[in-house]
Each structure stands twice: as structure tokens, then as C-alpha cells.
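Scroll down for the structure; my scribbles are underneath it.
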Amino acid sequence: MSAMLVHAFTALPLAQQATETITTGETIAFWILGPLAVAGGLGMVFARNAVHSALWLALSMLSLGVLYMAQRAPFLGVVQIIVYTGAIMMLFLFVLMLVGRDSSDSVVEVLRGQRLAAAVLGLGFAGLMAGGLARALVGVQAVGLAHVNAGDGNVVNLGRLIFTDYLFPFELTSALLITAAVGAMVLAFTDKRRGTRRTQRELAEARFRGEYERPSPLPGPGVYATANSVATPALLPDGSIAPESLSEIIESTTREALAGDIAEVRGEVPGPDAHALAPHEHETPEETSGGGSGEAQPPGHTNNGHGSTHPAADPDDARETRETTSTSDDAESAHTARSSEARR
Amino acid sequence: MTRLAQGTPVQELLADDPLWLIIGKVIAIFALLVVMTLFMIWFERRVVARMQHRIGPNRVGPFGMLQSLADGLKLAFKEDIRPVLADKWVYFLAPVISTIPAFLAFAVIPMGPEVSIFGERTALQLVDLPVGVLVVLAVAAVGVYGIVLSGWSSGSPYPLLGSLRSAAQVISYEIAMGLAIVSVVLYSGTLSTAGIVEAQAHGWFFWLLPISFVIYMASMVGETNRAPFDLPEAESELVGGFHTEYSSLKFALFFLSEYINMVTVSALATTLFFGGWRAPWPLSAVGDGVLNTGWWPLLWFLGKTLFFLFVFIWLRGTLPRLRYDQFMRLGWKVLVPVALLWFLAVSTIRALRTTQGITSQQILIVGGILLVALLLVTFLLPDRAVRHEETELPVSGSDYPLPPPDLKVPRTPRVRRELGGRHHREGEGDSVPAAQDTGRTAIGSGPGRKEDGDGTP
């Protein structure tokens with residue numbers, strides 16, 4: 001496509017010298033770009049994924065822009081690419097990406113008679129288009145841009161027209177756009193008043209003043225060689241579990257599950273007794289249920305970080321786990337490659 | 001403004017290029033960009049290493065110059081992985097979409113004046129369009145698609161966030177860039193890149209439009225996603241940004257396009273503000289401008305471009321990364337308004353000069369008077385009252401607030417307390433229960449509360 005583009009570009013000055021004949025370069029450009037534009041339009045209608053639709057539309061716009069350039073309207077072509085492909089379609093893509101890849105269209109008719117009205121209007125528009133096209137093919141004599149581009153060239157002539165004859169419509173359009181932009185901003189920033197946000201310093205001072213529960217954030221979960229799950233509790237310097245590091249919403253590490261562990265660390269489980277052959281007799285009933293049986297697992301054992309306790313039990317799950325691991329490995333290696341190549 | 005419908009002399013010169021010459025130029029530009037990329041990677045690593053008191057790559061080839069070639073070959077032989085959740089076609093297309101526009105933009109950059117290649121008179125430029133500068137902007141706009149689509153199609157959250165950041169960044173900095181370019185276009189009277197170089201025959205626009213130059217420099221770094229504006233691939237926040245999931249040649253393509261974009265915006269900066277291929281001042285006077293003819297200008301052009309590329313590396317070695325909101329504030333609240341005001345001033349002065357016949361001397365005098373008056377006004381303005389806060393917290397030497405004197409110290413952990421208690425019990429300490437009481441109020445509902453009630457006598 002690039003070579004073709006270049007060819008179309010270089011054909012431009014030649015085309016300007018020529019009169020009303022269509023040059024070979026223009027013909028070639030048309031027969032490449034025209035089908036592409038049509039394919040883009042069809043693809044947009046028939047693609048199932050919304051992002052794919054947007055991409056097809058972008059292809060269509062891009063082909064039209066290049067087509068304009070090949071037909072001696074370079075300014076229009078470039079502006080078409082900058083404004084439509086670069087800005088408007090990009091906004092579309094933004095919204096589609098934020099909405100999510102799997103969201104499908106709702107087929108419920110929200111407005112009554114909406115489909116009928118849409119069908120009627122669509123048919124009407126198709127009729128208008130067909131009529132206009134037929135008239136363009138039969139009745140209109142092609143003038144070409146040679147006359148318009150005469151003198152100082154396409155760009156200068158266009159600029160002169162915009163800032164003299166068409167100044168008022170031009171300004172009116174920009175006023176409309178500015179109004180829309182300002183309106184969007186007003187709608188988006190309604191409840192953010194000035195000065196309500198505290199700075200980092202003010203926040204720090206407020207914490208030490210006691211306006212918050214505690215001056216520091218809550219302790220994070222434990223990160224050990226065996227586990228880095230959020231369900232793993234952090235340990236205090238003496239080996240006991242930091243209660244604040246336990247999340248209330250994660251079920252796998254309720255305090256009950258860890259009771260045996262806590263008791264062991266606290267030294268409530270009696271150690272080996274040199275005088276006794278059997279295990280200790282005077283155990284509290286709580287510890288028999290907690291620490292004695294296999295109920296309590298070591299902290300890192302409960303959750304393997306992928307949410308599945310038994311990777312082998314569910315083949316689908318296991319496959320996914322493996323995939324995730326491999327991709328993250330890949331990302332890491334790519335990242336390392338990058339780091340070693342330029343970031344260091 | 002003396003252009004005719006046939007276009008500038010450069011356009012006429014390029015119009016009768018035979019096909020072999022056009023293909024030759026295309027291949028030459030392609031080779032130049034690829035070699036520049038390989039060179040830049042090595043150069044960047046060496047320069048940054050020097051700035052950080054390291055040595056940098058010095059093993060492969062002389063001075064380690066072939067290091068990037070070796071890295072590139074290694075990348076090509078790596079396994080090409082596609083994530084399961086990736087969108088197959090878009091994932092494949094994204095690196096291609098980001099690379100092709102990067103190459104395309106260089107087509108309009110003038111690298112030299114009229115030369116003779118195998119007896120054919122031509123200019124060292126592929127095409128000279130009447131809308132040359134806009135083509136660079138348009139091509140950059142298409143290049144954003146590569147970044148956005150790569151992030152989306154990876155089917156993974158970090159790349160998506162990186163690509164959203166990147167797209168927002170490129171689009172907002174393109175506005176500032178466009179506004180900076182407008183002033184140049186106003187002075188040169190043409191959008192064609194060759195015409196802009198021609199207009200700088202008697203003085204670079206860098207001297208005439210310094211503020212535009214500064215805005216362009218800032219926005220070109222933002223536009224290419226380079227440090228300190230490299231938020232889309234902020235390693236500490238987003239792993240690798242939009243290309244986290246890419247590997248092998250696809251990753252290499254992203255790498256290539258990033259460096260080519262750097263070269264392109266540097267070349268455009270040279271063209272717009274540093275006189276393009278024109279020799280710098282003392283050299284331009286040598287031998288009645290003989291250094292501005294033939295193949296010499298290619299040297300000046302590459303030298304100036306390399307200077308800008310060095311500035312890129314310099315910035316990266318010097319400045320820390322901006323936070324995202326700071327970055328956006330800089331773009332929208334500083335660069336864009338300043339660019340608009342500057343453009344207003346430039347167009348006003350130009351209108352006055354053309355219609356009223358006011359000389360630049362008068363403009364400078366009026367400007368100087370205005371500046372002095374502004375300075376006087378700022379001196380006369382009263383200082384802002386210094387805030388005195390009685391409630392201000394005591395601060396340690398390092399400006400950190402000190403903890404309040406009545407801070408409740410949390411209770412000591414159980415085991416140590418137990419040991420201490422035993423110790424005290426052996427002596428006769430009665431202070432232990434008191435300490436436990438204060439500790440209990442401080443910690444609220446600790447897990448060991450129930451056991452406490454039983455355990456302590």
C-alpha cells in the first residue's frame with residue numbers, strides 16, 4: 001500500500017498539469033482503493049465484533065482519504081485522515097474498548113416502533129442515495145479541480161476561500177464544536193468542586209492528628225517463598241499472625257482455619273515431654289479440634305494463587321493455569337529483552 | 001507565495017523522476033531508517049551508560065556497535081507466542097499498523113537540495129506534497145491505531161491500560177504539536193516541507209519562533225512515548241505497557257516503530273526549526289554557500305537530526321517519569337494555551353507588519369516597553385500573605401510530622417509478654433496488668449482477646 005501511495009503522490013504534480021483526462025496513476029489508485037473502501041463498508045456492517053466493525057470503517061475512511069489525494073484534493077485527503085481516522089474513529093475505539101470486548105447488542109426494542117421507523121428511514125435514505133448516484137452518473141458533467149486548483153494551488157486557494165467567502169459558516173461550525181466540548185466538560189465535572197481535595201501533606205497531618213483510624217495503612221498480606229496469595233496472613237516479628245492483615249472477605253483464611261497455627265506459635269501447644277511416652281494429656285479441648293487434626297494447613301497451602309485448590313482435578317482449569325504461566329513468562333522475557341536492549 | 005499551480009521547484013524536480021529512481025529512494029529511506037534504529041539503540045545504551053558512570057555494551061563488534069544487530073537477530077529467533085485470549089487477526093495486524101506509518105512519514109522529509117544521481121537531476125526527497133507537514137501528522141494519527149489495537153487485542157488488562165494511556169497521550173500532544181507547527185506555516189507561507197526549508201534561507205525559525213520550538217520539543221517527546229513521558233510502558237506500573245504480551249518479531253516491530261518515530265520527529269524538528277539541510281551559520285558562509293549544494297547538505301541534515309536524537313537520550317538519562325495527571329496537565333493546561341497565545345501574538349505581529357508597514361525594530365521596541373511595564377507591575381504587586389497556622393504539627397528535621405506525644409503504643413505481642421510476666425511473677429512486679437490494660441484498649445478487638453481472659457491470672 002505504501003508503494004502505491006507514493007506512486008499516487010508522485011503522480012500529483014503531473015496530474016495537475018494534465019487537463020481533464022484521467023491519468024493512469026489515478027485509474028490504478030481508484031481500482032485499488034475503491035474495492036477497499038467498499039470492502040470496508042461491507043465489513044463494518046457484517047462484522048460481529050464491534051471493534052472489528054470500527055476497524056473496517058477506519059479502512060473505508062482511509063481509502064477515501066487516499067482517493068481524495070489521488071484526485072488532486074490533497075488537503076481534503078489529509079484532513080480526512082487526521083480528523084476522521086485519527087480523531088473520531090479513535091474516540092469510537094476508546095469507547096468500545098472501555099465497554100468491553102464481550103458485550104453484545106441488546107435486542108430488546110426500547111422505543112416503541114423503533115424498528116419500523118428505522119426501516120422506513122433506511123429505505124428512504126437508500127432511495128435518496130440511489131437517486132443521487134443515478135443523477136451523478138447520467139446528468140452531471142464532471143468539471144475536475146483544475147480550475148479550482150489554478151493559481152496558488154489547492155491549499156492556498158482553499159485557505160483563501162475559507163477565510164473570505166466562507167468565513168461565517170466556518171466560524172459557526174467551530175462555535176458549535178466548542179459548545180459541544182464545553183457542554184461535555186460541564187456534564188462530566190459536575191460534582192468536583194475546587195479545593196475539596198486534600199494534598200498529600202494535609203492528609204499525612206490529618207492522619208497523625210487522629211482523624212483517621214490509624215496513621216499508617218493496614219498491613220499487607222504475607223509474601224513468602226511458598227505463597228504470595230492475598231489470603232496468606234502476615235506474621236508479626238514473634239511469629240504470630242498479624243490479625244489486621246487478614247481480609248474479612250476472603251473465606252479461605254478465616255480465623256477458625258488458622259486457630260491451630262496461632263496456638264502453636266503462641267506456645268499453647270505443649271512441646272515434647274521427655275517424661276511422657278504418649279502425646280500430652282492435658283490439652284484444652286479447643287486445641288484438639290484445631291491443632292491436632294489436619295484441618296489447619298500451613299498458610300501458603302490454602303491458595304495457590306490461581307484460585308483452584310486442586311489443579312489436577314479440573315483439566316480445563318489446569319490448562320488455563322498453564323497458559324497463564326506461559327504468557328506471563330513470555331511477557332517477562334520480552335520485558336527483559338527490552339530492558340537489556342535499551343532500558344539499561 | 002510565488003508558487004504557481006505547477007508547484008515549487010522541488011515538486012517540478014521530483015515530478016519527472018523515473019521509476020527506478022523512486023524505487024531507489026524508497027529503498028534508501030528504508031535502509032537509512034533501519035540503520036538509524038540499530039545505531040540509535042546502541043547509541044542510547046552507550047550514552048545513558050556514560051551518564052550513569054557505566055560502560056555500556058562493548059562486546060559485539062567495535063565499541064559494541066553490533067550489539068543491537070545481535071539483539072535483533074536474537075529477537076527474530078525467539079518463540080512467537082499468541083495469548084489464548086488474544087484477538088487473532090488484530091493481534092497480528094497491530095505491530096504492522098504501527099510500523100508502516102512510521103516508515104511512511106519519512107517520505108516527505110527533505111534531506112538535501114538538487115543533486116545528480118546517475119545523470120538524473122533530482123532532490124534528496126521522495127515526494128514534496130503541498131500538504132507535507134500535515135502528512136506527518138496524519139501518518140502519526142494512523143500509527144496510534146497500532147498501539148491501541150495491540151493493547152486491546154492482547155486480551156490482558158495491563159496492555160489495555162497502557163494502550164489507553166498511550167492513545168490519550170498521543171492525541172493530546174498532537175494538538176500542541178499542530179499548534180506549534182501552525183506558527184511555522186504562517187511564516188513560511190506553505191505546508192510543503194521543501195518550501196519550509198526554502199523559507200529558512202536567511203534565518204532559522206528557531207530564532208524567530210523560539211516558543212513554538214519549545215512546545216514542539218515537549219510535544220514530540222510526548223508523541224513518541226519517550227521518557228520522561230513514557231507512561232504507556234511505565235515498567236513500574238504497567239509491566240511493559242501495550243506490548244506486554246508481544247514477543248519475537250512482533251515485539252521487534254514495535255521497537256522498530258518507536259525508534260523510527262523518534263528519528264522522524266527529530267527530522268521534522270530539523271526541517272521546521274533548524275533550517276533543514278542548510279549548513280549552520282559559519283559553514284554557510286564558506287565559499288559563497290558551496291556547502292549548501294550537492295551532497296554536503298545530507299551531512300548537515302543528519303548531524304542536526306542526531307543532535308535531536310541525542311536530546312531524546314539526554315532527557316531520558318536526566319528526568320524521572322511524570323505522573324499521569326501531571327503529564328496531562330502539562331499538555332492541556334500549559335502547552336496548548338501557551339501555543340494558542342503565542343500563535344495569536346505571532347499572527348498579530350505579522351498582520352501589523354504586512355498591513356501597517358511596521359518594521360521589526362518598532363515591534364521589538366514596543367515589546368520591550370511592554371515587558372518592562374509587566375515587570376514593574378509584578379514588582380508593585382504586594383506579596384502574598386504568609387500563612388500562619390497555629391495548628392501546624394511539630395516537624396522533625398526532615399519535614400516529616402512527628403507523632404503526637406500521647407500516641408498509644410500497641411501492646412507487646414503475647415509471647416514476649418508471657419516471658420516478661422513470668423519474669424515479673426518470679427520477682428514481685430505489679431506493673432504487668434496495668435500495661436496489659438492500656439494495651440487492650442489500644443488494640444481494640446484483637447484475635448487473642450478471649451484467650452487473654454482465660455490465660456492471664
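Each chain in the C-alpha cells gets a letter, A, B, ..., in the order shown, and its residues are numbered from 1; ligands are numbered from 1 in order too.
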
List every residue of range 7-210 of chain B that DSSP, applied to the backbone, labels as strand (DSSP E or B), and write the result as a PDB file with C-alpha atoms, in the first residue's frame.
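Saved file selection-v4.pdb follows:
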ATOM      1  CA  GLY B 112      19.042  17.668   0.613  1.00  0.00           C
ATOM      2  CA  PRO B 113      18.754  20.046  -2.328  1.00  0.00           C
ATOM      3  CA  GLU B 114      19.158  19.303  -6.018  1.00  0.00           C
ATOM      4  CA  VAL B 115      21.666  16.575  -6.735  1.00  0.00           C
ATOM      5  CA  SER B 116      22.524  14.384  -9.679  1.00  0.00           C
ATOM      6  CA  ILE B 117      22.017  10.633  -9.324  1.00  0.00           C
ATOM      7  CA  GLU B 120      19.289  12.357 -13.345  1.00  0.00           C
ATOM      8  CA  ARG B 121      18.648  15.731 -11.682  1.00  0.00           C
ATOM      9  CA  THR B 122      16.533  15.254  -8.579  1.00  0.00           C
ATOM     10  CA  ALA B 123      16.128  16.413  -4.993  1.00  0.00           C
ATOM     11  CA  LEU B 124      17.062  14.320  -1.972  1.00  0.00           C
TER      12      LEU B 124
END

(message) Using only C-alpha atoms, can you tell me which of B:Ala86, B:Ala31, B:Leu66, B:Val131 comes closest to Gly77 in chain A?
(response)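 Of the candidates, the smallest distance to Gly77 in chain A is held by B:Val131.
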
(message) For range 208-219 of chain B, find every residue with an atom within 6 Å (counting only C-alpha atoms), except residues of its own chain fewer than 2 positions away, and show them as a ChimeraX atom specification.
(response) /B:173,177,180,205-206,221-223

Go ahead and save the picked residues with all heavy atoms, as a short mmCIF file (atom, residue, chain, number, x, y, z; two decimals), in the first residue's frame.
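To be explicit, this is the file written out as result_38.cif:
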data_model
loop_
_atom_site.label_atom_id
_atom_site.label_comp_id
_atom_site.auth_asym_id
_atom_site.auth_seq_id
_atom_site.Cartn_x
_atom_site.Cartn_y
_atom_site.Cartn_z
N TYR B 173 -1.09 15.33 22.77
CA TYR B 173 0.13 16.06 22.42
C TYR B 173 0.20 16.40 20.95
O TYR B 173 0.96 17.27 20.56
CB TYR B 173 1.36 15.27 22.88
CG TYR B 173 1.70 15.65 24.29
CD1 TYR B 173 0.82 15.36 25.32
CD2 TYR B 173 2.86 16.34 24.60
CE1 TYR B 173 1.08 15.74 26.61
CE2 TYR B 173 3.12 16.72 25.90
CZ TYR B 173 2.24 16.42 26.89
OH TYR B 173 2.49 16.81 28.18
N MET B 177 1.40 19.93 19.27
CA MET B 177 2.36 19.88 18.17
C MET B 177 1.82 20.61 16.94
O MET B 177 2.51 21.43 16.34
CB MET B 177 2.63 18.41 17.82
CG MET B 177 3.76 18.21 16.86
SD MET B 177 3.87 16.47 16.43
CE MET B 177 5.48 16.10 17.04
N ALA B 180 2.02 24.27 17.41
CA ALA B 180 3.39 24.78 17.28
C ALA B 180 3.77 24.88 15.81
O ALA B 180 4.47 25.81 15.40
CB ALA B 180 4.36 23.87 18.02
N PHE B 205 13.93 29.24 11.77
CA PHE B 205 12.74 29.59 12.54
C PHE B 205 12.96 29.41 14.04
O PHE B 205 12.17 29.86 14.85
CB PHE B 205 11.54 28.75 12.08
CG PHE B 205 11.00 29.22 10.77
CD1 PHE B 205 10.50 28.32 9.84
CD2 PHE B 205 10.98 30.57 10.46
CE1 PHE B 205 10.00 28.76 8.63
CE2 PHE B 205 10.49 31.01 9.25
CZ PHE B 205 10.00 30.11 8.33
N PHE B 206 14.04 28.72 14.38
CA PHE B 206 14.36 28.58 15.80
C PHE B 206 14.59 29.94 16.43
O PHE B 206 14.16 30.21 17.56
CB PHE B 206 15.61 27.70 15.94
CG PHE B 206 16.22 27.74 17.30
CD1 PHE B 206 15.54 27.21 18.39
CD2 PHE B 206 17.46 28.32 17.51
CE1 PHE B 206 16.11 27.25 19.65
CE2 PHE B 206 18.02 28.35 18.77
CZ PHE B 206 17.35 27.82 19.84
N VAL B 221 8.43 14.71 22.33
CA VAL B 221 8.78 13.66 23.28
C VAL B 221 7.52 12.94 23.76
O VAL B 221 7.49 11.72 23.89
CB VAL B 221 9.56 14.25 24.47
CG1 VAL B 221 9.89 13.17 25.47
CG2 VAL B 221 10.83 14.91 23.99
N GLY B 222 6.44 13.73 24.00
CA GLY B 222 5.19 13.11 24.42
C GLY B 222 4.60 12.24 23.33
O GLY B 222 4.07 11.16 23.59
N GLU B 223 4.72 12.70 22.11
CA GLU B 223 4.14 11.99 20.98
C GLU B 223 4.82 10.65 20.73
O GLU B 223 4.18 9.69 20.32
CB GLU B 223 4.26 12.89 19.74
CG GLU B 223 3.98 12.23 18.43
CD GLU B 223 2.67 12.66 17.86
OE1 GLU B 223 2.08 13.61 18.41
OE2 GLU B 223 2.23 12.05 16.89
#

(message) Taking 6 positions as the minimum chain separation for residues in the same chain, which residues sit within 10 Å of range 212-224 of chain A when counting only C-alpha atoms? Answer as a PyMOL selection string.
(response) (chain A and resi 203-206+230-236+241-247+299-300) or (chain B and resi 403)

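Using only C-alpha atoms, the protein and nucleic acid residues lying no more than 8 Å from range 144-152 of chain B, apart from those fewer than 4 places from it along its own chain, are A:Gly86, A:Met90, A:Met97, B:Val90, B:Tyr91, B:Leu93, B:Ala94, B:Pro95, B:Val96, B:Ile97, B:Ser98, B:Thr99, B:Ala140, B:Ser156, B:Tyr158, B:Pro159, B:Leu160, B:Leu161, B:Gly162, B:Ser163, B:Leu164, B:Ser166, B:Ala167, B:Val170, B:Gly241, B:Phe242, B:His243.
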
(message) So the first atom is CA of Val38 in chain A and the second is CA of Leu123 in chain A; what is the distance between them in Å, to one decimal place?
(response)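 So the answer is 19.4 Å.
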
(request) Would you return as a PyMOL selection string the members of range 202-299 of chain B that DSSP assigns to alpha helix (DSSP H) on this structure's backbone? (result) chain B and resi 205-208+210-223+235-238+248-273+281-284+296-299

(message) Let me make sure I understand: among A:Thr24, A:Gln114, A:Ser63, A:Asn149, which one has the smallest atom-to-atom distance to chain B if we use only C-alpha atoms?
(response)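 When distances to chain B are compared using only C-alpha atoms, the smallest one comes from A:Asn149.
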
(request) Pick out the residues sitting within 12 Å of Val334 in chain B, and hand them over as a VMD selection string; count only C-alpha atoms, and ignore anything fewer than 3 positions along from it in its own chain. (result) chain B and resid 172 to 173 176 214 to 215 218 to 219 326 to 331 337 to 342

(message) Report, in Å to a single decimal, how far apart CA of Leu36 in chain A and CA of Ala54 in chain A are.
(response)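 Computing the Euclidean distance for CA of Ala54 in chain A and CA of Leu36 in chain A yields 14.8 Å.
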
(request) Please identify all polymer residues within 10 Å of Ala269 in chain B, counting only C-alpha atoms, omitting same-chain residues fewer than 3 positions from it, and present them as a PyMOL selection string. (result) chain B and resi 181+206+213+216-217+220+263-266+272-276+304-305+308

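Distance check against Tyr84 in chain A using only C-alpha atoms: of B:Met111, B:Leu129, B:Ala28, B:Val142, the minimum falls on B:Val142.
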
(request) Give the answer as one residue: which of A:Ala37, A:Ala119, A:Ile178, A:Ile81 has the shortest atom-to-atom distance to chain B, using only C-alpha atoms? (result) A:Ile81
